[in-house]
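Asks: Handing over upload.cif, mmCIF, C-alpha atoms and all ligand atoms.
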data_protein
loop_
_atom_site.label_atom_id
_atom_site.label_comp_id
_atom_site.auth_asym_id
_atom_site.auth_seq_id
_atom_site.Cartn_x
_atom_site.Cartn_y
_atom_site.Cartn_z
CA MET A 1 192.59 121.84 21.56
CA GLY A 2 189.03 123.20 21.19
CA SER A 3 188.31 126.75 20.06
CA PRO A 4 190.68 129.46 21.28
CA LEU A 5 189.49 131.41 24.32
CA PRO A 6 188.04 134.87 23.55
CA ASP A 7 189.64 137.95 25.12
CA ALA A 8 188.58 138.59 28.72
CA ASN A 9 186.20 141.46 29.49
CA LYS A 10 187.85 144.51 30.99
CA PRO A 11 186.89 144.53 34.69
CA ASP A 12 185.53 147.57 36.56
CA MET A 13 188.48 147.48 38.98
CA PRO A 14 191.74 149.09 37.92
CA SER A 15 193.81 146.38 36.24
CA GLU A 16 196.77 145.64 34.06
CA GLN A 17 196.11 144.39 30.51
CA ILE A 18 198.27 141.41 29.50
CA THR A 19 198.43 139.24 26.38
CA LEU A 20 198.75 135.58 27.38
CA THR A 21 200.15 133.07 24.91
CA TYR A 22 199.24 129.44 25.49
CA HIS A 23 201.32 126.39 24.67
CA ASP A 24 199.48 125.82 21.39
CA GLY A 25 200.38 129.30 20.13
CA THR A 26 196.91 130.85 20.56
CA SER A 27 196.73 133.99 22.66
CA ARG A 28 194.22 136.26 24.32
CA ILE A 29 194.02 139.41 26.37
CA VAL A 30 193.43 139.05 30.15
CA TYR A 31 193.31 141.57 33.00
CA ASP A 32 195.11 141.35 36.33
CA SER A 33 193.67 143.52 39.11
CA GLY A 34 196.08 142.20 41.74
CA VAL A 35 193.13 141.60 44.11
CA GLU A 36 193.26 138.27 45.93
CA ARG A 37 190.13 136.27 46.74
CA PRO A 38 190.14 134.25 49.96
CA TYR A 39 190.07 130.46 49.58
CA PRO A 40 186.62 129.12 50.67
CA ASP A 41 187.06 127.69 54.19
CA GLY A 42 186.78 123.94 54.65
CA LYS A 43 186.04 123.28 50.98
CA LEU A 44 187.73 121.55 48.10
CA ILE A 45 187.73 123.08 44.63
CA VAL A 46 187.24 120.23 42.17
CA SER A 47 187.34 119.95 38.40
CA ARG A 48 187.78 117.24 35.82
CA THR A 49 189.10 117.52 32.30
CA ASP A 50 189.33 115.25 29.28
CA LEU A 51 192.70 114.13 27.97
CA ASP A 52 193.21 117.52 26.29
CA GLY A 53 192.53 119.60 29.41
CA ILE A 54 189.00 120.57 28.39
CA LEU A 55 186.72 120.96 31.44
CA THR A 56 184.07 118.24 31.79
CA HIS A 57 183.05 118.81 35.45
CA VAL A 58 183.35 121.63 37.98
CA ASN A 59 182.00 121.66 41.54
CA ASP A 60 180.13 124.55 43.19
CA ALA A 61 183.24 125.88 44.93
CA PHE A 62 185.04 126.04 41.56
CA VAL A 63 182.22 128.00 39.95
CA GLU A 64 181.84 130.36 42.88
CA ILE A 65 185.47 131.35 43.21
CA SER A 66 186.23 131.56 39.49
CA GLY A 67 183.39 134.01 38.90
CA TYR A 68 182.33 132.19 35.72
CA GLY A 69 179.00 130.45 35.24
CA VAL A 70 179.00 126.67 34.72
CA ASP A 71 178.08 127.20 31.06
CA GLU A 72 181.09 129.43 30.57
CA LEU A 73 183.39 126.73 31.96
CA ILE A 74 182.26 123.32 30.70
CA SER A 75 183.82 122.48 27.30
CA GLN A 76 186.40 125.25 27.73
CA PRO A 77 190.10 124.59 28.29
CA GLN A 78 191.20 124.51 31.95
CA SER A 79 193.69 127.23 30.91
CA ILE A 80 190.78 129.70 31.11
CA LEU A 81 192.14 130.16 34.67
CA ARG A 82 195.75 130.66 33.64
CA HIS A 83 197.25 133.63 35.50
CA PRO A 84 199.99 135.61 33.74
CA ASP A 85 202.29 135.26 36.79
CA MET A 86 202.40 131.47 36.43
CA PRO A 87 205.53 130.14 34.69
CA LYS A 88 205.01 127.85 31.70
CA ALA A 89 207.36 125.29 33.27
CA ALA A 90 204.89 124.62 36.11
CA TYR A 91 202.23 123.47 33.65
CA LYS A 92 204.77 121.56 31.54
CA ASP A 93 205.64 119.61 34.67
CA LEU A 94 201.94 119.13 35.53
CA TRP A 95 201.17 117.70 32.09
CA ALA A 96 204.31 115.54 31.87
CA THR A 97 203.56 114.04 35.30
CA ALA A 98 199.85 113.45 34.69
CA GLU A 99 200.43 112.03 31.19
CA SER A 100 202.92 109.55 32.61
CA GLY A 101 200.14 108.29 34.89
CA GLN A 102 201.37 109.89 38.10
CA LYS A 103 199.99 112.26 40.68
CA TRP A 104 201.09 115.91 40.50
CA HIS A 105 201.09 118.41 43.40
CA GLY A 106 201.83 122.11 43.17
CA TYR A 107 200.94 125.65 44.15
CA VAL A 108 198.87 127.48 41.56
CA LYS A 109 197.76 131.10 41.18
CA ASN A 110 194.50 131.19 39.25
CA LEU A 111 192.82 134.10 37.48
CA CYS A 112 189.11 134.82 38.06
CA LYS A 113 186.73 136.22 35.49
CA ASP A 114 186.93 139.71 37.02
CA GLY A 115 190.73 139.91 37.05
CA SER A 116 191.14 138.94 40.72
CA HIS A 117 193.04 135.78 41.66
CA TYR A 118 193.26 133.01 44.25
CA TRP A 119 196.00 130.65 45.38
CA VAL A 120 195.55 126.90 45.76
CA TYR A 121 197.55 123.79 46.52
CA ALA A 122 196.50 121.58 43.64
CA THR A 123 196.69 117.83 43.12
CA VAL A 124 196.08 116.32 39.68
CA VAL A 125 195.41 112.60 39.26
CA PRO A 126 194.77 110.63 36.08
CA ASN A 127 191.32 109.00 35.90
CA VAL A 128 192.17 105.38 35.12
CA ARG A 129 189.21 103.27 33.99
CA HIS A 130 189.74 99.60 33.11
CA GLY A 131 193.45 100.27 32.75
CA LYS A 132 193.08 103.30 30.46
CA THR A 133 193.46 106.97 31.34
CA VAL A 134 190.24 108.71 30.28
CA GLY A 135 190.78 112.17 31.81
CA TYR A 136 192.18 114.01 34.80
CA THR A 137 190.80 115.21 38.15
CA SER A 138 192.17 118.18 40.04
CA VAL A 139 191.39 118.84 43.70
CA ARG A 140 192.58 122.09 45.28
CA ARG A 141 193.15 122.77 48.97
CA LYS A 142 193.88 125.93 50.92
CA PRO A 143 197.61 126.70 51.03
CA SER A 144 199.32 128.48 53.93
CA ARG A 145 200.54 132.06 53.60
CA SER A 146 204.16 130.98 53.96
CA LYS A 147 203.79 128.48 51.10
CA ILE A 148 202.16 131.15 48.94
CA GLU A 149 205.03 133.57 49.65
CA ALA A 150 207.56 130.89 48.71
CA ALA A 151 205.67 130.12 45.48
CA ILE A 152 205.50 133.83 44.57
CA ALA A 153 209.29 134.11 44.86
CA GLN A 154 209.95 130.83 43.04
CA TYR A 155 207.57 131.60 40.17
CA ALA A 156 208.97 135.12 39.74
CA ASP A 157 212.43 133.54 39.35
CA MET A 158 211.18 130.92 36.94
CA LYS A 159 209.41 133.51 34.81
CA GLN A 160 212.51 135.64 34.59
CA ASN A 161 214.48 132.68 33.30
CA GLU A 162 211.75 131.85 30.80
CA GLU A 163 211.83 135.34 29.34
CA GLY A 164 215.53 136.00 29.61
CA MET B 1 169.35 79.07 53.96
CA THR B 2 172.91 80.42 53.53
CA THR B 3 173.97 83.11 55.94
CA HIS B 4 175.74 86.11 54.45
CA ASN B 5 177.94 88.55 56.31
CA MET B 6 177.46 92.30 56.39
CA LEU B 7 180.12 94.53 57.96
CA ILE B 8 179.65 98.09 59.18
CA ALA B 9 182.78 100.27 59.29
CA PRO B 10 183.64 101.09 62.92
CA ASP B 11 183.46 104.87 62.56
CA PHE B 12 179.74 105.41 63.17
CA SER B 13 178.64 107.32 66.23
CA PRO B 14 177.56 105.09 69.14
CA GLU B 15 173.92 106.18 69.05
CA ARG B 16 173.60 104.61 65.56
CA PHE B 17 174.13 101.12 66.95
CA ALA B 18 170.45 100.30 67.29
CA GLY B 19 169.78 101.73 63.86
CA TRP B 20 172.12 99.26 62.19
CA HIS B 21 170.33 96.37 63.89
CA MET B 22 166.95 97.68 62.73
CA PHE B 23 168.40 98.10 59.23
CA ASN B 24 169.69 94.53 59.21
CA ILE B 25 166.43 93.04 60.44
CA LEU B 26 164.41 94.90 57.83
CA ILE B 27 166.53 94.06 54.84
CA GLN B 28 166.74 90.41 55.87
CA LYS B 29 162.97 90.27 55.98
CA ARG B 30 162.47 92.13 52.72
CA ALA B 31 165.19 90.45 50.69
CA ASN B 32 164.50 87.10 52.33
CA LEU B 33 168.18 86.63 53.12
CA ASN B 34 170.02 85.54 56.25
CA MET B 35 172.41 88.31 57.04
CA HIS B 36 174.81 88.32 59.97
CA LEU B 37 175.75 91.80 61.17
CA ASN B 38 179.45 92.35 61.93
CA MET B 39 180.28 95.51 63.83
CA PRO B 40 184.04 95.58 64.40
CA ALA B 41 185.22 97.96 67.12
CA SER B 42 188.37 99.06 65.34
CA HIS B 43 189.90 99.37 61.93
CA ALA B 44 192.27 96.49 62.71
CA GLU B 45 189.32 94.27 63.59
CA GLN B 46 187.58 95.30 60.37
CA GLU B 47 190.63 94.32 58.33
CA ALA B 48 190.95 90.96 60.02
CA LEU B 49 187.28 90.17 59.30
CA ILE B 50 187.57 91.19 55.65
CA ASP B 51 190.84 89.31 55.18
CA ALA B 52 189.18 86.17 56.52
CA GLY B 53 187.27 86.43 53.25
CA ASP B 54 183.64 85.83 54.06
CA ILE B 55 182.14 89.34 54.03
CA GLN B 56 179.65 89.95 51.22
CA VAL B 57 178.32 93.41 52.10
CA ILE B 58 180.28 96.32 53.59
CA TYR B 59 179.16 99.77 54.64
CA ALA B 60 182.62 101.22 54.12
CA ASN B 61 184.19 104.56 54.78
CA PRO B 62 185.48 106.33 51.68
CA PHE B 63 189.13 105.73 52.61
CA ASP B 64 188.78 101.96 52.83
CA ALA B 65 186.57 101.91 49.74
CA ALA B 66 189.58 102.55 47.51
CA THR B 67 191.37 99.32 48.48
CA LEU B 68 188.18 97.30 48.75
CA ILE B 69 187.06 98.26 45.24
CA ARG B 70 190.38 98.41 43.42
CA GLU B 71 192.06 95.44 45.08
CA GLN B 72 189.60 93.24 46.96
CA GLY B 73 186.77 92.55 44.56
CA TYR B 74 183.98 94.74 45.93
CA ARG B 75 181.86 97.17 43.97
CA ALA B 76 180.02 100.24 45.21
CA VAL B 77 176.28 100.02 44.69
CA ALA B 78 174.74 102.72 46.90
CA ARG B 79 175.42 105.63 49.20
CA PRO B 80 173.38 107.60 51.72
CA ILE B 81 171.62 110.61 50.20
CA GLY B 82 172.83 114.01 51.39
CA LYS B 83 175.22 112.62 53.99
CA SER B 84 178.84 113.39 53.27
CA ASP B 85 181.70 112.66 55.67
CA GLU B 86 182.77 115.86 57.37
CA MET B 87 184.84 116.81 60.40
CA VAL B 88 185.07 119.68 62.88
CA ILE B 89 188.10 121.20 64.61
CA ALA B 90 187.08 122.90 67.86
CA ALA B 91 188.82 124.62 70.77
CA SER B 92 187.57 125.51 74.24
CA ALA B 93 185.29 128.56 74.18
CA ASN B 94 187.28 129.88 77.18
CA SER B 95 190.66 129.59 75.53
CA ASP B 96 192.50 132.19 73.51
CA ILE B 97 192.35 129.94 70.45
CA ASN B 98 189.74 131.60 68.28
CA CYS B 99 190.79 130.60 64.79
CA LEU B 100 192.98 127.96 63.13
CA GLU B 101 195.88 130.43 62.95
CA ASP B 102 195.95 130.49 66.78
CA LEU B 103 196.99 126.82 66.83
CA THR B 104 200.76 126.52 66.98
CA ALA B 105 203.38 123.80 66.74
CA GLY B 106 203.52 121.89 70.03
CA SER B 107 199.74 122.11 70.57
CA THR B 108 197.92 119.00 71.70
CA ILE B 109 194.95 117.64 69.74
CA SER B 110 192.38 115.31 71.32
CA MET B 111 190.50 112.91 69.12
CA ALA B 112 188.83 109.51 69.07
CA ASN B 113 190.60 106.79 67.12
CA ASN B 114 189.40 107.67 63.64
CA ARG B 115 192.02 107.93 60.95
CA ASP B 116 189.66 109.46 58.40
CA VAL B 117 188.83 112.37 60.67
CA LYS B 118 192.54 112.73 61.31
CA LEU B 119 193.43 112.78 57.62
CA ILE B 120 190.86 115.44 56.74
CA GLY B 121 191.80 117.48 59.82
CA LEU B 122 195.47 117.40 58.84
CA ARG B 123 194.58 118.57 55.35
CA LEU B 124 192.75 121.55 56.85
CA LEU B 125 195.71 122.36 59.12
CA GLU B 126 198.05 122.57 56.13
CA ALA B 127 196.63 126.02 55.62
CA VAL B 128 198.25 127.15 58.88
CA ASP B 129 201.53 125.27 58.33
CA LEU B 130 200.88 122.49 60.85
CA GLU B 131 201.74 118.88 60.10
CA GLU B 132 201.16 115.70 62.05
CA ALA B 133 204.65 115.79 63.61
CA ASP B 134 204.20 119.39 64.79
CA LEU B 135 201.38 118.35 67.12
CA ASN B 136 200.89 116.13 70.14
CA TRP B 137 198.01 113.69 69.92
CA THR B 138 195.86 112.18 72.63
CA VAL B 139 193.53 109.46 71.49
CA THR B 140 190.43 109.03 73.64
CA GLU B 141 187.87 106.22 73.83
CA THR B 142 185.03 108.43 72.63
CA TYR B 143 184.49 111.83 71.08
CA GLN B 144 182.78 112.89 74.33
CA ALA B 145 186.01 112.23 76.19
CA ALA B 146 187.92 114.24 73.59
CA ALA B 147 185.49 117.12 74.09
CA ARG B 148 186.02 116.98 77.87
CA GLN B 149 189.80 117.20 77.45
CA VAL B 150 189.44 120.26 75.22
CA ILE B 151 186.99 121.95 77.59
CA LYS B 152 189.22 121.28 80.61
CA GLY B 153 192.18 122.79 78.80
CA ASP B 154 194.14 119.50 78.73
CA SER B 155 194.45 119.94 74.97
CA GLN B 156 194.30 122.95 72.68
CA ALA B 157 191.82 121.54 70.16
CA GLY B 158 189.80 118.48 69.26
CA PHE B 159 189.15 116.71 65.97
CA PHE B 160 185.54 115.47 65.73
CA LEU B 161 183.38 113.62 63.27
CA ALA B 162 180.99 116.45 62.33
CA GLU B 163 177.93 114.28 62.86
CA VAL B 164 179.02 113.40 66.39
CA PHE B 165 179.99 116.98 67.18
CA HIS B 166 176.56 118.25 66.19
CA SER B 167 174.89 115.60 68.37
CA PHE B 168 176.67 116.84 71.52
CA SER B 169 174.48 118.38 74.23
CA ARG B 170 173.91 122.12 74.15
CA LEU B 171 175.98 122.47 77.31
CA THR B 172 178.97 120.76 75.68
CA LYS B 173 178.63 122.77 72.50
CA THR B 174 178.48 126.13 74.28
CA GLN B 175 181.84 125.29 75.89
CA LEU B 176 183.42 124.63 72.50
CA ASN B 177 184.28 126.98 69.67
CA VAL B 178 184.33 125.63 66.11
CA LEU B 179 187.53 126.72 64.36
CA ILE B 180 186.60 125.08 61.06
CA GLU B 181 184.14 122.56 59.68
CA SER B 182 184.94 120.73 56.48
CA ASP B 183 182.56 120.92 53.53
CA LEU B 184 184.05 118.35 51.18
CA ALA B 185 180.60 117.34 49.92
CA ASP B 186 181.41 114.60 47.35
CA ILE B 187 182.94 112.19 49.85
CA SER B 188 180.68 109.75 51.70
CA HIS B 189 180.46 106.23 53.06
CA VAL B 190 179.46 103.71 50.42
CA LEU B 191 177.66 100.40 50.39
CA LEU B 192 179.87 97.74 48.80
CA ILE B 193 178.90 94.28 47.60
CA LYS B 194 181.31 91.47 46.83
CA GLU B 195 181.44 90.96 43.08
CA ASP B 196 180.29 87.34 43.14
CA PHE B 197 177.40 87.91 45.57
CA PRO B 198 174.41 86.17 43.94
CA ASP B 199 171.53 88.20 45.38
CA THR B 200 172.67 91.74 44.69
CA GLU B 201 169.54 92.82 42.89
CA ILE B 202 167.09 91.69 45.56
CA LEU B 203 169.27 93.12 48.33
CA MET B 204 169.61 96.46 46.51
CA ASN B 205 165.90 96.58 45.95
CA ALA B 206 165.30 96.23 49.68
CA ILE B 207 167.87 98.89 50.56
CA LEU B 208 166.92 101.48 47.95
CA ASN B 209 163.25 101.22 48.94
CA LEU B 210 163.68 101.54 52.69
CA HIS B 211 162.63 105.19 52.77
CA ASN B 212 159.31 104.37 51.12
CA ASP B 213 157.53 103.06 54.23
CA ASP B 214 157.31 103.82 57.95
CA ASP B 215 159.41 100.94 59.29
CA GLY B 216 162.15 101.66 56.81
CA LYS B 217 161.99 105.37 57.54
CA GLU B 218 162.33 104.72 61.24
CA ALA B 219 165.46 102.63 60.76
CA LEU B 220 166.96 105.23 58.43
CA THR B 221 166.22 108.04 60.88
CA GLU B 222 167.97 106.03 63.60
CA LEU B 223 170.94 105.84 61.23
CA GLY B 224 170.93 109.59 60.68
CA MET B 225 170.22 109.16 56.98
CA PRO B 226 166.49 109.92 56.76
CA GLN B 227 166.53 110.33 52.98
CA GLY B 228 167.78 106.78 52.54
CA PHE B 229 170.16 105.40 49.95
CA GLU B 230 170.69 106.24 46.30
CA PRO B 231 172.21 103.94 43.71
CA MET B 232 175.84 104.53 42.82
CA SER B 233 177.30 103.73 39.43
CA GLU B 234 180.78 102.37 38.83
CA GLU B 235 181.79 105.81 37.55
CA ASP B 236 180.35 107.59 40.65
CA ALA B 237 182.53 105.35 42.80
CA GLU B 238 185.64 105.78 40.67
CA PHE B 239 185.17 109.57 40.76
CA MET B 240 185.05 109.50 44.56
CA LEU B 241 188.14 107.30 44.71
CA ASP B 242 190.01 109.74 42.48
CA LEU B 243 189.10 112.51 44.95
CA MET B 244 190.28 110.40 47.87
CA GLU B 245 193.54 109.75 46.06
CA THR B 246 194.26 113.49 45.99
CA LEU B 247 193.77 113.76 49.77
CA MET B 248 196.17 110.97 50.70
CA ASP B 249 199.23 113.22 50.61
C1 LIG C 301 193.07 118.31 35.77
C2 LIG C 301 193.79 119.57 35.39
C3 LIG C 301 193.61 120.72 36.15
C4 LIG C 301 194.24 121.92 35.80
N1 LIG C 301 193.99 123.01 36.56
C5 LIG C 301 194.50 124.19 36.17
C6 LIG C 301 194.19 125.39 36.88
O1 LIG C 301 193.49 125.37 37.89
N2 LIG C 301 194.68 126.55 36.43
C7 LIG C 301 195.48 126.62 35.32
O2 LIG C 301 195.88 127.72 34.93
N3 LIG C 301 195.81 125.51 34.64
C8 LIG C 301 195.35 124.31 35.04
N4 LIG C 301 195.67 123.18 34.33
C9 LIG C 301 196.65 123.30 33.25
C10 LIG C 301 196.03 123.83 31.96
O3 LIG C 301 195.52 122.73 31.24
C11 LIG C 301 197.09 124.54 31.10
O4 LIG C 301 198.19 123.69 30.87
C12 LIG C 301 197.62 125.83 31.77
O5 LIG C 301 196.57 126.69 32.11
C13 LIG C 301 198.59 126.59 30.85
O6 LIG C 301 198.06 126.75 29.57
P1 LIG C 301 198.84 126.18 28.30
O7 LIG C 301 199.25 124.79 28.66
O8 LIG C 301 197.87 126.23 27.17
O9 LIG C 301 200.02 127.08 28.10
C14 LIG C 301 195.08 121.96 34.67
C15 LIG C 301 195.30 120.80 33.92
C16 LIG C 301 194.67 119.62 34.27
C17 LIG C 301 194.92 118.38 33.48
#
As a first step, turn the structure in this file into structure tokens.
Replies:
Amino acid sequence: MGSPLPDANKPDMPSEQITLTYHDGTSRIVYDSGVERPYPDGKLIVSRTDLDGILTHVNDAFVEISGYGVDELISQPQSILRHPDMPKAAYKDLWATAESGQKWHGYVKNLCKDGSHYWVYATVVPNVRHGKTVGYTSVRRKPSRSKIEAAIAQYADMKQNEEG
Amino acid sequence: MTTHNMLIAPDFSPERFAGWHMFNILIQKRANLNMHLNMPASHAEQEALIDAGDIQVIYANPFDAATLIREQGYRAVARPIGKSDEMVIAASANSDINCLEDLTAGSTISMANNRDVKLIGLRLLEAVDLEEADLNWTVTETYQAAARQVIKGDSQAGFFLAEVFHSFSRLTKTQLNVLIESDLADISHVLLIKEDFPDTEILMNAILNLHNDDDGKEALTELGMPQGFEPMSEEDAEFMLDLMETLMD
């Protein structure tokens, strides 16, 4: 699944240091400042990946909010945005749904380069070309506060079960 | 000489009407084709014309493009440069609705009959927990009429095609307050050609070169797409359809 992601740079803001372990067993250090970035009004955040979840396209809104440059994103795994508060089961469900050729919807908390985060309502669709899936597209929209609160509670529960 | 049929999706603003006729006259002359212009007044009328099976060229909105390309044998060949499909949600400048969050369940929305504008608007309202069933809808003949309802306080907000909203008079605009304007960028109308159309190359040549001379430029300016058309690959179109797919629910 490409080369493992390097450890994140320690941000200037106060932040918690966390070691994230990905599904393939690789791990890296990330920082969580707890600061939320507002979703860009009226826009969609768009990315595409290959069949392994490696980024092949990102739009301007994606680059801007993530805090990474385009060069730091393309050819990297989409999990570069993985936030430590997200339960593994959410991504298992995303991948199982997308790999079976279906559309997946869900609320996602994403980590920015500087340790801040943003919430999205994400949809993932398989890119079917001449009957074959060649990659995946994800389009994110702005979620409501009440949906974010519900996701925070649900994901905290799910994480507890994962660890316990 | 055979006459071909070109159809323009009904969601253009009324002042573009003359532009489409100029466009048709020019490409007929330059491609040496007989082309009959079909301008259905509604989506239902558009569907009936397409189902009758004799439409070779369609200037389609991105929502219809999905079915037309994936199920009805059309392919996307061009799109207007720098002209994406956007919408505006606006309230009366005199009202106490100053941001999307001020809209509540039970509010009335005025809009012209344009399901694409409605779909994008509903996606934007998700962010404040409003769904279609939470709102009352009044569908007006024109966007101008929708604007009047909002200004008079008969409805709490209006959904507008961004292009039409920006073409309103200054007086109208000062009485309205934009709550949000979409910036979806990658989504636009597309020019579709039926797969078995024999003269695609010559037609495309005429269309892609319109912006290179004064007559062509004039027609394109009338259409609100002064930069003209750019070619679209099969993958460009499929990418846009994948985006559309994510917005459907
Ligand atoms: C099209 C697409 C978009 C994705 N978007 C995100 C995203 O925005 N944030 C994220 O953390 N993971 C996203 N994922 C899931 C990641 O690939 C990955 O599964 C996740 O970050 C967890 O990492 P892991 O599977 O290595 O444990 C996306 C996957 C696909 C196919």
Asks: Could you list, with a cut-off of 7 Å and counting only C-alpha atoms, the residues of chain B near chain A, each shown with its nearest atom pair and the distance in Å rounded to one decimal, rows sorted by chain and ascending number, as a Markdown table?
Replies:
| residue | atom | partner | partner_atom | distance |
| --- | --- | --- | --- | --- |
| B:Leu124 | CA | A:Gly42 | CA | 6.8 |
| B:Glu126 | CA | A:Ser144 | CA | 6.4 |
| B:Ala127 | CA | A:Ser144 | CA | 4.0 |
| B:Val128 | CA | A:Ser144 | CA | 5.2 |
| B:Asp129 | CA | A:Ser144 | CA | 5.9 |
| B:Ile180 | CA | A:Gly42 | CA | 6.5 |
| B:Glu181 | CA | A:Gly42 | CA | 5.8 |
| B:Ser182 | CA | A:Gly42 | CA | 4.1 |
| B:Asp183 | CA | A:Lys43 | CA | 4.9 |
| B:Leu184 | CA | A:Lys43 | CA | 5.3 |
| B:Asp242 | CA | A:Asn127 | CA | 6.7 |
| B:Leu243 | CA | A:Val139 | CA | 6.8 |
| B:Thr246 | CA | A:Thr123 | CA | 5.7 |
Asks: Kindly indicate which residue among B:Phe23, B:Phe239, B:Trp137, B:Phe168 lies nearest to Thr221 (chain B), using all atoms listed in the file for the distances.
Replies: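 Of all the options, B:Phe23 lies closest to Thr221 (chain B).
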Asks: As a ChimeraX atom specification, please: every protein or nucleic acid residue near ligand LIG 301 (chain C) (cut-off 8 Å, counting all atoms listed in the file).
Replies: /A:21-24,47-54,77-83,86,88,91-92,94-95,98,108-111,122,124-126,135-138
Asks: Just how far from CA of Val63 (chain A) is CA of Ala150 (chain A), in Å to one decimal?
Replies: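 One can read the CA of Ala150 (chain A) to CA of Val63 (chain A) distance as 27.0 Å.
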Asks: Rounded to one decimal, what separation in Å do you get between CA of Glu238 (chain B) and CA of Arg75 (chain B)?
Replies: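 If I compute the distance from CA of Glu238 (chain B) to CA of Arg75 (chain B), I get 10.0 Å.
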Asks: Just to confirm, what's the straight-line distance from CA of Leu20 (chain A) to CA of Met158 (chain A) in Å (one decimal)?
Replies: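 These atoms are spaced 16.4 Å apart.
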Asks: Set the distance at 8 Å and use all atoms listed in the file: which residues neighbour region 85-98 of chain B once local chain neighbours fewer than 5 positions away are removed? I'd like the list as a PDB file with C-alpha atoms, in the frame of the given file.
Replies:
ATOM      1  CA  LEU B 103     196.990 126.820  66.830  1.00  0.00           C
ATOM      2  CA  VAL B 117     188.830 112.370  60.670  1.00  0.00           C
ATOM      3  CA  ILE B 120     190.860 115.440  56.740  1.00  0.00           C
ATOM      4  CA  GLY B 121     191.800 117.480  59.820  1.00  0.00           C
ATOM      5  CA  VAL B 150     189.440 120.260  75.220  1.00  0.00           C
ATOM      6  CA  ILE B 151     186.990 121.950  77.590  1.00  0.00           C
ATOM      7  CA  LYS B 152     189.220 121.280  80.610  1.00  0.00           C
ATOM      8  CA  GLY B 153     192.180 122.790  78.800  1.00  0.00           C
ATOM      9  CA  GLN B 156     194.300 122.950  72.680  1.00  0.00           C
ATOM     10  CA  ALA B 157     191.820 121.540  70.160  1.00  0.00           C
ATOM     11  CA  GLY B 158     189.800 118.480  69.260  1.00  0.00           C
ATOM     12  CA  PHE B 159     189.150 116.710  65.970  1.00  0.00           C
ATOM     13  CA  PHE B 160     185.540 115.470  65.730  1.00  0.00           C
ATOM     14  CA  LEU B 161     183.380 113.620  63.270  1.00  0.00           C
ATOM     15  CA  ALA B 162     180.990 116.450  62.330  1.00  0.00           C
ATOM     16  CA  GLU B 163     177.930 114.280  62.860  1.00  0.00           C
ATOM     17  CA  PHE B 165     179.990 116.980  67.180  1.00  0.00           C
ATOM     18  CA  THR B 174     178.480 126.130  74.280  1.00  0.00           C
ATOM     19  CA  GLN B 175     181.840 125.290  75.890  1.00  0.00           C
ATOM     20  CA  LEU B 176     183.420 124.630  72.500  1.00  0.00           C
ATOM     21  CA  ASN B 177     184.280 126.980  69.670  1.00  0.00           C
ATOM     22  CA  VAL B 178     184.330 125.630  66.110  1.00  0.00           C
ATOM     23  CA  LEU B 179     187.530 126.720  64.360  1.00  0.00           C
ATOM     24  CA  ILE B 180     186.600 125.080  61.060  1.00  0.00           C
ATOM     25  CA  GLU B 181     184.140 122.560  59.680  1.00  0.00           C
ATOM     26  CA  SER B 182     184.940 120.730  56.480  1.00  0.00           C
ATOM     27  CA  ASP B 183     182.560 120.920  53.530  1.00  0.00           C
ATOM     28  CA  LEU B 184     184.050 118.350  51.180  1.00  0.00           C
ATOM     29  CA  ALA B 185     180.600 117.340  49.920  1.00  0.00           C
ATOM     30  CA  ILE B 187     182.940 112.190  49.850  1.00  0.00           C
ATOM     31  CA  SER B 188     180.680 109.750  51.700  1.00  0.00           C
ATOM     32  CA  HIS B 189     180.460 106.230  53.060  1.00  0.00           C
TER      33      HIS B 189
END
Asks: Identify, on the basis of only C-alpha atoms, every residue whose closest approach to Leu130 (chain B) does not exceed 10 Å; exclude the query and any residue fewer than 6 positions from it along the same chain; express the result as a PDB file with C-alpha atoms, keeping the file's coordinate frame.
Replies:
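Heads up, here's the output in around.pdb:
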ATOM      1  CA  SER A 144     199.320 128.480  53.930  1.00  0.00           C
TER       2      SER A 144
ATOM      3  CA  LEU B 100     192.980 127.960  63.130  1.00  0.00           C
ATOM      4  CA  GLU B 101     195.880 130.430  62.950  1.00  0.00           C
ATOM      5  CA  LEU B 103     196.990 126.820  66.830  1.00  0.00           C
ATOM      6  CA  THR B 104     200.760 126.520  66.980  1.00  0.00           C
ATOM      7  CA  ALA B 105     203.380 123.800  66.740  1.00  0.00           C
ATOM      8  CA  GLY B 106     203.520 121.890  70.030  1.00  0.00           C
ATOM      9  CA  SER B 107     199.740 122.110  70.570  1.00  0.00           C
ATOM     10  CA  LEU B 122     195.470 117.400  58.840  1.00  0.00           C
ATOM     11  CA  ARG B 123     194.580 118.570  55.350  1.00  0.00           C
ATOM     12  CA  LEU B 124     192.750 121.550  56.850  1.00  0.00           C
TER      13      LEU B 124
END
Asks: Could you give me, as a tab-separated table (two decimals) with C-alpha atoms, in the frame of the given file, the residues within 9 Å of Pro40 (chain B), counting all atoms listed in the file and dropping anything in the same chain fewer than 4 positions from it?
Replies:
chain	number	residue	atom	x	y	z
B	7	LEU	CA	180.12	94.53	57.96
B	8	ILE	CA	179.65	98.09	59.18
B	9	ALA	CA	182.78	100.27	59.29
B	10	PRO	CA	183.64	101.09	62.92
B	44	ALA	CA	192.27	96.49	62.71
B	45	GLU	CA	189.32	94.27	63.59
B	46	GLN	CA	187.58	95.30	60.37
B	49	LEU	CA	187.28	90.17	59.30
Asks: I want to know what sits within 10 Å of region 61-65 of chain B, based on only C-alpha atoms, with residues of the same chain fewer than 3 positions away left out; could you give that as a count of residues only?
Replies: 36
Asks: For Asn5 (chain B), find every residue with an atom within 7 Å (counting all atoms listed in the file), except residues of its own chain fewer than 3 positions away, and show them as a PyMOL selection string.
Replies: chain B and resi 35-38+54-57
